Structures are given as structure tokens and as C-alpha cells.
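What follows is the content of coords-v8.cif, which has mmCIF, C-alpha atoms and all ligand atoms:
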data_protein
#
loop_
_atom_site.label_atom_id
_atom_site.label_comp_id
_atom_site.auth_asym_id
_atom_site.auth_seq_id
_atom_site.Cartn_x
_atom_site.Cartn_y
_atom_site.Cartn_z
CA MET A 1 -8.78 -17.37 14.63
CA PHE A 2 -7.96 -14.22 12.71
CA GLY A 3 -8.71 -13.12 9.16
CA GLU A 4 -5.92 -12.79 6.64
CA GLY A 5 -3.85 -9.65 7.03
CA GLN A 6 -5.41 -8.94 10.40
CA SER A 7 -2.96 -8.17 13.16
CA TYR A 8 -3.17 -7.14 16.75
CA GLU A 9 -3.01 -3.51 15.65
CA SER A 10 -6.40 -3.78 13.98
CA TYR A 11 -8.33 -4.55 17.17
CA PRO A 12 -10.55 -1.91 18.72
CA GLU A 13 -8.84 0.79 20.72
CA ASP A 14 -8.06 -0.12 24.27
CA PRO A 15 -10.97 1.30 26.29
CA ILE A 16 -9.40 0.44 29.62
CA LYS A 17 -9.38 3.20 32.15
CA GLU A 18 -6.04 3.23 33.91
CA GLU A 19 -7.68 4.11 37.22
CA ILE A 20 -9.38 0.69 37.24
CA ARG A 21 -6.33 -1.54 37.18
CA ASN A 22 -7.87 -4.74 38.51
CA TYR A 23 -11.40 -5.82 37.65
CA TRP A 24 -12.08 -6.83 41.25
CA GLU A 25 -11.60 -3.29 42.57
CA ASN A 26 -14.84 -2.00 41.09
CA PRO A 27 -18.39 -3.44 41.39
CA GLU A 28 -19.27 -3.17 37.68
CA THR A 29 -16.03 -4.68 36.40
CA ALA A 30 -16.16 -7.43 39.04
CA ARG A 31 -19.63 -8.37 37.77
CA ALA A 32 -18.58 -8.21 34.12
CA PHE A 33 -15.58 -10.45 34.87
CA SER A 34 -17.66 -13.02 36.73
CA GLU A 35 -20.10 -13.14 33.80
CA LEU A 36 -17.16 -13.65 31.43
CA GLN A 37 -16.18 -16.66 33.54
CA GLN A 38 -19.44 -18.40 32.61
CA ASN A 39 -17.78 -20.00 29.59
CA GLU A 40 -17.21 -23.66 28.86
CA LYS A 41 -13.46 -23.72 29.48
CA ASN A 42 -13.74 -21.95 32.83
CA GLN A 43 -16.47 -24.34 33.92
CA GLN A 44 -14.47 -27.38 32.81
CA VAL A 45 -11.47 -26.15 34.81
CA SER A 46 -13.67 -25.82 37.91
CA GLU A 47 -14.91 -29.38 37.31
CA ALA A 48 -11.30 -30.57 37.05
CA VAL A 49 -10.42 -28.77 40.29
CA ASP A 50 -13.52 -30.31 41.92
CA ASP A 51 -12.35 -33.80 40.91
CA ILE A 52 -8.88 -33.22 42.35
CA MET A 53 -10.29 -31.69 45.54
CA MET A 54 -12.39 -34.80 46.10
CA PHE A 55 -9.51 -37.18 45.66
CA GLY A 56 -8.67 -38.74 49.02
CA LEU A 57 -11.58 -37.01 50.77
CA GLU A 58 -14.46 -39.16 49.42
CA ALA A 59 -14.34 -41.49 52.40
CA GLN A 60 -13.50 -38.95 55.11
CA GLU A 61 -16.11 -39.07 57.85
CA GLU A 62 -14.71 -36.34 60.08
CA PRO A 63 -15.70 -32.76 59.20
CA ILE A 64 -13.64 -31.24 56.39
CA GLN A 65 -11.99 -27.86 56.92
CA ALA A 66 -11.19 -26.18 53.61
CA ALA A 67 -10.34 -22.73 52.26
CA ASN A 68 -10.68 -21.24 48.80
CA LEU A 69 -7.98 -18.56 48.51
CA GLY A 70 -8.96 -15.80 46.09
CA ALA A 71 -12.32 -17.53 45.79
CA GLY A 72 -14.10 -15.02 43.54
CA ALA A 73 -17.80 -15.11 42.71
CA HIS A 74 -18.50 -18.67 41.62
CA ILE A 75 -20.09 -20.53 44.49
CA ASP A 76 -22.11 -22.20 41.72
CA ARG A 77 -19.12 -24.53 41.06
CA TYR A 78 -17.49 -27.54 42.83
CA HIS A 79 -20.69 -29.59 43.05
CA GLN A 80 -19.14 -32.84 44.32
CA PHE A 81 -17.12 -31.06 46.96
CA PHE A 82 -20.11 -29.10 48.27
CA GLU A 83 -22.18 -32.28 48.35
CA LYS A 84 -19.49 -33.93 50.45
CA LEU A 85 -19.24 -30.94 52.81
CA GLU A 86 -23.00 -30.83 53.28
CA GLU A 87 -22.94 -34.41 54.64
CA ASN A 88 -21.43 -33.10 57.87
CA VAL A 89 -22.73 -29.91 59.47
CA ASP A 90 -19.35 -29.28 61.07
CA SER A 91 -17.53 -29.11 57.73
CA LYS A 92 -16.49 -25.62 56.68
CA PHE A 93 -15.38 -23.99 53.45
CA ASP A 94 -13.87 -20.53 53.98
CA TRP A 95 -14.46 -18.47 50.86
CA VAL A 96 -11.66 -15.91 51.07
CA ASP A 97 -11.33 -12.92 48.79
CA SER A 98 -9.78 -9.48 49.18
CA SER A 99 -12.53 -7.96 47.02
CA PRO A 100 -15.84 -7.17 48.76
CA TYR A 101 -17.45 -6.94 45.30
CA MET A 102 -16.52 -10.51 44.43
CA LEU A 103 -17.96 -11.66 47.74
CA GLU A 104 -21.21 -9.76 47.07
CA LEU A 105 -21.52 -11.72 43.82
CA ALA A 106 -20.83 -14.96 45.69
CA GLN A 107 -23.55 -13.99 48.17
CA GLU A 108 -26.01 -13.55 45.29
CA TYR A 109 -25.55 -17.24 44.43
CA LEU A 110 -26.17 -18.24 48.05
CA LEU A 111 -29.50 -16.42 47.92
CA LYS A 112 -30.66 -18.61 45.02
CA ASP A 113 -32.69 -21.65 46.09
CA GLN A 114 -30.45 -24.12 44.33
CA TYR A 115 -27.34 -23.00 46.25
CA SER A 116 -28.86 -21.95 49.57
CA GLU A 117 -27.73 -25.19 51.33
CA ARG A 118 -24.15 -24.19 50.61
CA GLY A 119 -24.61 -21.25 52.99
CA LYS A 120 -24.51 -23.76 55.88
CA VAL A 121 -20.91 -24.74 55.15
CA VAL A 122 -19.53 -21.63 53.49
CA GLU A 123 -18.20 -18.59 55.28
CA LEU A 124 -17.49 -15.54 53.11
CA ILE A 125 -14.32 -13.87 54.38
CA ASN A 126 -13.14 -10.51 53.12
CA SER A 127 -9.38 -10.72 53.56
CA ASP A 128 -6.08 -10.90 51.83
CA MET A 129 -5.36 -14.63 51.53
CA LEU A 130 -1.98 -14.42 53.30
CA ASP A 131 -3.48 -12.52 56.25
CA TYR A 132 -6.31 -15.05 56.39
CA LEU A 133 -3.81 -17.94 56.62
CA ASP A 134 -1.75 -16.07 59.18
CA ASN A 135 -4.82 -15.79 61.43
CA ARG A 136 -5.80 -19.47 61.21
CA PRO A 137 -4.82 -21.91 63.96
CA ASN A 138 -1.94 -24.21 63.02
CA GLU A 139 -2.68 -27.56 61.36
CA ALA A 140 -6.34 -26.68 60.88
CA LEU A 141 -6.92 -27.18 57.16
CA ASP A 142 -7.51 -30.40 55.22
CA LEU A 143 -7.49 -28.58 51.92
CA ALA A 144 -6.71 -25.21 50.35
CA VAL A 145 -7.71 -24.31 46.80
CA MET A 146 -6.31 -21.64 44.49
CA GLN A 147 -8.03 -21.50 41.12
CA TYR A 148 -6.33 -18.88 38.93
CA THR A 149 -4.83 -17.10 41.93
CA LEU A 150 -1.35 -18.48 42.64
CA ASP A 151 0.12 -16.21 40.02
CA HIS A 152 -1.39 -13.14 41.68
CA ILE A 153 1.17 -13.76 44.42
CA ASP A 154 4.34 -11.82 43.67
CA ASP A 155 7.75 -13.38 43.94
CA ASN A 156 8.51 -11.76 47.32
CA SER A 157 5.34 -13.18 48.89
CA LEU A 158 5.62 -16.69 47.46
CA ASP A 159 7.91 -17.96 50.22
CA ARG A 160 5.46 -16.56 52.83
CA LEU A 161 2.58 -18.39 51.13
CA PHE A 162 4.42 -21.75 51.24
CA ASN A 163 5.49 -21.11 54.83
CA LEU A 164 1.93 -20.31 55.95
CA LEU A 165 0.50 -23.30 54.09
CA SER A 166 3.03 -25.60 55.74
CA GLN A 167 1.92 -24.30 59.16
CA LYS A 168 -1.83 -24.27 58.54
CA LEU A 169 -2.43 -27.50 56.62
CA LYS A 170 -2.82 -30.71 58.59
CA GLN A 171 -0.36 -33.50 57.97
CA GLY A 172 -1.45 -35.05 54.66
CA GLY A 173 -3.44 -31.89 53.87
CA ARG A 174 -3.23 -30.54 50.33
CA LEU A 175 -3.11 -27.37 48.29
CA VAL A 176 -4.76 -27.74 44.87
CA SER A 177 -3.80 -24.88 42.57
CA THR A 178 -4.11 -24.19 38.87
CA LEU A 179 -1.06 -22.79 37.06
CA THR A 180 -1.59 -20.26 34.28
CA THR A 181 1.68 -21.16 32.61
CA VAL A 182 4.27 -23.80 33.42
CA SER A 183 6.51 -22.76 30.56
CA PRO A 184 8.26 -19.37 30.63
CA GLU A 185 7.06 -18.87 27.06
CA ILE A 186 3.85 -16.89 26.58
CA ASP A 187 1.79 -16.47 23.45
CA SER A 188 0.16 -13.19 22.68
CA ILE A 189 -3.38 -14.51 22.96
CA SER A 190 -5.28 -17.15 24.96
CA THR A 191 -9.01 -17.97 24.85
CA ASN A 192 -9.96 -15.20 27.21
CA ALA A 193 -7.21 -12.64 27.16
CA ARG A 194 -4.32 -10.87 25.50
CA PHE A 195 -0.99 -11.28 27.27
CA LEU A 196 1.18 -8.20 27.76
CA HIS A 197 4.92 -8.49 28.27
CA GLN A 198 6.73 -5.65 30.05
CA GLY A 199 3.46 -3.75 29.90
CA GLN A 200 3.29 -3.95 26.09
CA GLU A 201 1.16 -5.85 23.62
CA PHE A 202 3.10 -7.98 21.14
CA PRO A 203 2.18 -9.41 17.74
CA ASP A 204 -0.01 -12.50 17.48
CA ASN A 205 2.62 -14.60 15.74
CA GLU A 206 5.31 -13.94 18.37
CA THR A 207 6.08 -15.39 21.78
CA ARG A 208 7.89 -13.88 24.75
CA PHE A 209 10.02 -15.46 27.49
CA LEU A 210 9.45 -14.67 31.13
CA GLN A 211 12.17 -14.49 33.76
CA GLU A 212 11.71 -16.05 37.19
CA GLY A 213 9.17 -13.97 39.16
CA GLU A 214 8.64 -11.58 36.26
CA LYS A 215 5.39 -9.68 36.05
CA PHE A 216 3.17 -10.13 33.01
CA SER A 217 -0.34 -8.86 32.44
CA LEU A 218 -3.58 -10.17 31.04
CA LYS A 219 -6.13 -7.98 29.29
CA PHE A 220 -9.44 -9.85 29.18
CA PHE A 221 -11.65 -9.84 26.09
CA LYS A 222 -15.25 -8.75 26.48
CA GLU A 223 -16.35 -12.08 25.05
CA SER A 224 -14.53 -15.31 25.71
CA GLY A 225 -12.82 -16.62 22.54
CA ASN A 226 -13.46 -13.41 20.61
CA PRO A 227 -10.54 -10.94 20.52
CA GLU A 228 -12.52 -8.71 18.20
CA SER A 229 -15.12 -8.06 20.90
CA GLY A 230 -12.73 -5.53 22.48
CA TYR A 231 -11.51 -5.55 26.06
CA LEU A 232 -13.31 -5.76 29.34
CA GLU A 233 -13.07 -2.40 31.03
CA GLY A 234 -10.82 -2.66 34.07
CA GLY A 235 -9.76 -6.05 32.83
CA VAL A 236 -6.00 -5.64 33.07
CA THR A 237 -4.57 -7.93 35.70
CA ASP A 238 -0.98 -8.37 36.76
CA LYS A 239 0.39 -11.85 37.28
CA TYR A 240 3.83 -13.26 38.14
CA TYR A 241 5.67 -16.14 36.56
CA HIS A 242 6.74 -18.86 38.98
CA SER A 243 8.71 -21.65 37.29
CA PRO A 244 8.21 -25.32 38.23
CA GLU A 245 11.82 -25.36 39.49
CA ARG A 246 11.12 -22.50 41.91
CA LEU A 247 7.86 -24.10 43.09
CA GLU A 248 9.63 -27.44 43.57
CA SER A 249 12.43 -25.86 45.55
CA LEU A 250 9.96 -24.04 47.85
CA ALA A 251 7.97 -27.25 48.30
CA LYS A 252 11.09 -29.11 49.41
CA GLU A 253 12.13 -26.32 51.75
CA HIS A 254 8.72 -26.25 53.45
CA GLY A 255 8.12 -30.01 53.75
CA PHE A 256 5.70 -30.71 50.90
CA ASP A 257 5.49 -33.40 48.27
CA ILE A 258 4.76 -31.65 45.00
CA SER A 259 3.25 -32.69 41.71
CA ILE A 260 3.03 -30.38 38.68
CA GLY A 261 1.44 -31.26 35.35
CA ASP A 262 -1.82 -31.63 33.49
CA TRP A 263 -4.73 -32.28 35.84
CA LYS A 264 -5.55 -35.56 34.10
CA GLU A 265 -2.39 -37.08 35.60
CA GLN A 266 -3.85 -36.50 39.07
CA VAL A 267 -7.13 -38.41 38.84
CA PRO A 268 -8.23 -41.81 37.52
CA ARG A 269 -9.15 -41.98 33.84
CA GLU A 270 -12.90 -42.35 34.42
CA LYS A 271 -12.88 -38.89 35.98
CA TRP A 272 -11.62 -37.11 32.91
CA GLN A 273 -13.06 -39.07 30.02
CA ASP A 274 -15.89 -36.51 29.77
CA ASN A 275 -13.66 -33.50 30.44
CA ASP A 276 -10.64 -33.18 28.19
CA VAL A 277 -9.78 -29.58 29.14
CA GLU A 278 -6.04 -28.95 29.31
CA GLN A 279 -5.08 -27.36 32.60
CA ASN A 280 -1.81 -27.48 34.45
CA VAL A 281 -2.08 -27.81 38.18
CA MET A 282 0.20 -27.94 41.20
CA ILE A 283 -0.63 -30.18 44.13
CA LEU A 284 1.22 -29.82 47.40
CA THR A 285 0.81 -32.51 50.04
CA LYS A 286 2.12 -31.78 53.52
CA ASN A 287 4.48 -34.45 54.85
C1 LIG A 301 -8.86 -14.72 38.47
S1 LIG A 301 -9.98 -14.45 39.83
C2 LIG A 301 -10.30 -16.11 40.26
C3 LIG A 301 -11.51 -16.28 41.11
C4 LIG A 301 -11.86 -17.75 41.43
N1 LIG A 301 -10.76 -18.44 42.07
C5 LIG A 301 -12.31 -18.46 40.19
O1 LIG A 301 -11.54 -19.29 39.65
O2 LIG A 301 -13.42 -18.20 39.74
C6 LIG A 301 -8.87 -13.85 41.08
C7 LIG A 301 -9.54 -13.56 42.41
O3 LIG A 301 -8.52 -13.43 43.39
C8 LIG A 301 -8.83 -12.35 44.25
N2 LIG A 301 -7.56 -11.92 44.82
C9 LIG A 301 -6.49 -11.38 44.18
N3 LIG A 301 -5.47 -11.17 45.02
C10 LIG A 301 -5.89 -11.62 46.25
C11 LIG A 301 -5.28 -11.69 47.53
N4 LIG A 301 -4.04 -11.29 47.73
N5 LIG A 301 -6.01 -12.21 48.57
C12 LIG A 301 -7.28 -12.61 48.38
N6 LIG A 301 -7.91 -12.57 47.17
C13 LIG A 301 -7.22 -12.08 46.12
C14 LIG A 301 -9.54 -11.36 43.36
O4 LIG A 301 -10.36 -10.47 44.08
C15 LIG A 301 -10.34 -12.28 42.44
O5 LIG A 301 -11.63 -12.54 42.97
#
For this file, write the structure as C-alpha cells.
Amino acid sequence: MFGEGQSYESYPEDPIKEEIRNYWENPETARAFSELQQNEKNQQVSEAVDDIMMFGLEAQEEPIQAANLGAGAHIDRYHQFFEKLEENVDSKFDWVDSSPYMLELAQEYLLKDQYSERGKVVELINSDMLDYLDNRPNEALDLAVMQYTLDHIDDNSLDRLFNLLSQKLKQGGRLVSTLTTVSPEIDSISTNARFLHQGQEFPDNETRFLQEGEKFSLKFFKESGNPESGYLEGGVTDKYYHSPERLESLAKEHGFDISIGDWKEQVPREKWQDNDVEQNVMILTKN
């Protein structure tokens, strides 16, 4: 990926303004981030999540009640799931995000002809995801989705998330969540971002080990797959490492079956033969 002799020190100066810590707190950076997400890998991950969401719901005739927690801008994804929801006018997909700017971008998609039908089943909800769950009636949800958001939940709030999910999901209901990293080991660079450990960049040929619940940060590149493009302004985001052991122990405590691994283990082969993206996921099923 990098030319000979090139190191992380030779990338453009960090243009990130400290006052914009998270891209979703500012309308321009929220838009730039959502445009950055229009890359192949991000779309393939959404397709994988769509396949897992559908599993077990294909034949459901009753209305489906679902929530996307930290939903972001991309209502232009999850085609199979939306098609299924649109079969029954009483189905509902709560699109929950704490950022009003992300929801404005989602609304822009709903105004396009090709996605306007989705407006009948989607409700945009500006709320912290934990507060949203807290305010739901018990045993109301068939499905909750967290694409790239579980690791925004800090270690202290993780138990509350599992507790709320166990109250709000119906029996047999599921949480489908992507996991940024299953291993405690992080590389310096991924397709879209540089990883910071203890707030610091580290050389491209090194790895770092995360402790349970430890914060790490991602600094997104302006262009996906191109570290030399510089960084997205406001694109530093804090995440928290939750090990599989911790997630498994919380699942047990709160009455869930849990499965962690590559998404391809979760769906039949014919679903993934055209989508070989590697993405770890966690699926919780309420007992
Ligand atoms: C990495 S983006 C993912 C967006 C979307 N799930 C996707 O995959 O395109 C993270 C999103 O989570 C939202 N978010 C972060 N913390 C949140 C919280 N505590 N409650 C609700 N939304 C949150 C942000 O505003 C942002 O839109």
C-alpha cells in the first residue's frame, strides 16, 4: 500500500480541528463522512447485515418491529429488509441516531423517488440509543441492528445496553451487530482509517494490544483506501474494545444465546457466494 521508505510520518499534517471531535456533531463533517461510506466495502457490509437481518424473518406474516441503533445516514441500504417491511403497513423500522445532522441526511434519501416508500415504515428518531430503548415498551422489538456502533458504547454503559435489549426484545428477538475488532490486537491502518492507541499514532509496521474496555480512536481518511489523501476533518472517533469473552459473559447474564464470528457463518452459502467481504458480527438471540 505504501511506497518504499514511506512511513506514517510522511503523511499530510493532521488538519483535524480539535473542537470537532466526532464527525456527527457538525453538518459538514457528517455529510463528508456519509459520502465516504459510499465505498464498496461499506456497501458489502450493509448487504451482509441485510442478509443476517432477514434470516428467520422471511416468512413472518405479522408486522415486524425493528430498530436501527446509531442508524446514520444510509437509508439507501438494507434492500431486502425494507422490501419485507413494506409488505405490511404495520411494520416499523425506528431509525435512531443521536445526531440530528445524520438524520437530516437520512431524510434526504427518503425524499428521493426511489426510497420514498421507505418513509411509510421508517421513523427517524433523534435520541441516544440507550434512552430510546429505555422508553420502548417491554418485549416490543423483533430485531435491533447496530452497524459500526456497538463499540461507541463505553465499558460502563455496555451492561445497561444488554439489560435494555433483554427487556425490549421479544422472546426469540435478535440483535445483529458488527464488531470492529474481535482481537485485542489493532493494526495502525485499515481501509478507511488510521487507528490511534492511547491517543497516539503508531508506525504502520507495528500493532498494539487493547485492554478490556480500553478506548481507541479512528481517524478517517478523506478517501477510502487512500491514506495519502489526508484525513477527514472532524473524523476522529473514539471507540471501546469489548472482548468476545466480555460479550459472552454479558449475554449469559442477560439471557441471550450469542454467536460471534465472520458473518458468513451466520447465513447459508448461497447468500455469501457473491459477497466475500470479511466482517465479524455478534448475534444475540433472546431466550
Ligand atoms: C460509524 S456511524 C454508523 C452509522 C450507520 N450505522 C452505518 O453503518 O452507516 C455511527 C453513528 O452512530 C451515531 N451514534 C453514536 N453514538 C450514539 C448514541 N449513543 N446513540 C445514538 N446514536 C449514536 C452517530 O451519530 C453516527 O451516525
| query | Looking at only C-alpha atoms and all ligand atoms, which of A:Asn138, A:Gln65, A:Gln107, A:Ser157 is the one that sits closest to ligand LIG 301 (chain A)? | reply |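 Ranking A:Asn138, A:Gln65, A:Gln107, A:Ser157 by distance to ligand LIG 301 (chain A), first place goes to A:Ser157.
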| task | Could you give me the residues within 7 Å of ligand LIG 301 (chain A), counting only C-alpha atoms and all ligand atoms, as a list in words? | result | Trp24, Gln37, Leu69, Gly70, Ala71, Gly72, Ala73, His74, Val96, Asp97, Ser98, Ser99, Met102, Ser127, Asp128, Met129, Leu130, Met146, Gln147, Tyr148, Thr149, His152 and Ile153 of chain A
| query | Leaving out A:Lys252 and any residue of its chain fewer than 6 positions from it, which residues lie within 12 Å of it when counting all atoms listed in the file, given as JSON, numbers by chain? | reply | {"A": [159, 162, 163, 166, 245, 246, 258, 259, 284, 285, 286, 287]}
| request: Measure the distance from atom CA of A:Gly172 to atom CA of A:Lys264 in Å and round it to one decimal. | output: 21.0 Å
| message | Between A:Val89, A:Leu164, A:Val182, A:Ala67, which residue has the minimum interatomic distance to A:Leu143, considering only C-alpha atoms? | response |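 Among the listed residues, A:Ala67 lies closest to A:Leu143.
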| said: Using only C-alpha atoms, which protein or nucleic acid residues come within 8 Å of A:Leu210? Drop anything in the same chain fewer than 5 positions from it, and give the result as a list of chain:residue names. | reply: A:Pro184, A:Glu185, A:Ile186, A:Phe216, A:Tyr241
| Between A:Asn192, A:Ser177, A:Ser229, A:Gln273, which has the minimum distance to A:Val49 (counting only C-alpha atoms)? |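 With only C-alpha atoms as the atom set, the closest residue is A:Ser177.
Nearest residue to A:Lys41, choosing from A:Thr191, A:Asn226, A:Gln60, A:Leu218 and counting only C-alpha atoms: A:Thr191.
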| Radius query 8 Å about (-9.8, -26.6, 50.8), atoms used: all atoms listed in the file, as a VMD selection string | chain A and resid 53 65 to 68 93 to 94 141 to 145 174 to 176
| message | So that I can see what lies close to A:Asp155, please list as an MDAnalysis selection string the residues with an atom at most 9 Å from it, counting only C-alpha atoms and leaving out residues fewer than 4 positions away in the same chain. | response | chainID A and resid 159 212:214 240:242
| message | Just the number, please: distance in Å from atom CA of A:Glu278 to atom CA of A:Ala193, one decimal. | response |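 Atom CA of A:Ala193 lies 16.5 Å from atom CA of A:Glu278.
Each of A:Asp151, A:Glu265, A:Glu253, A:Asp274 was compared to A:Thr237 using all atoms listed in the file, and A:Asp151 turns out to be the nearest.
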| Gap from atom CA of A:Leu105 to atom CA of A:Asp76 - Å, one decimal |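 Rounded to one decimal, the two atoms are 10.7 Å apart.
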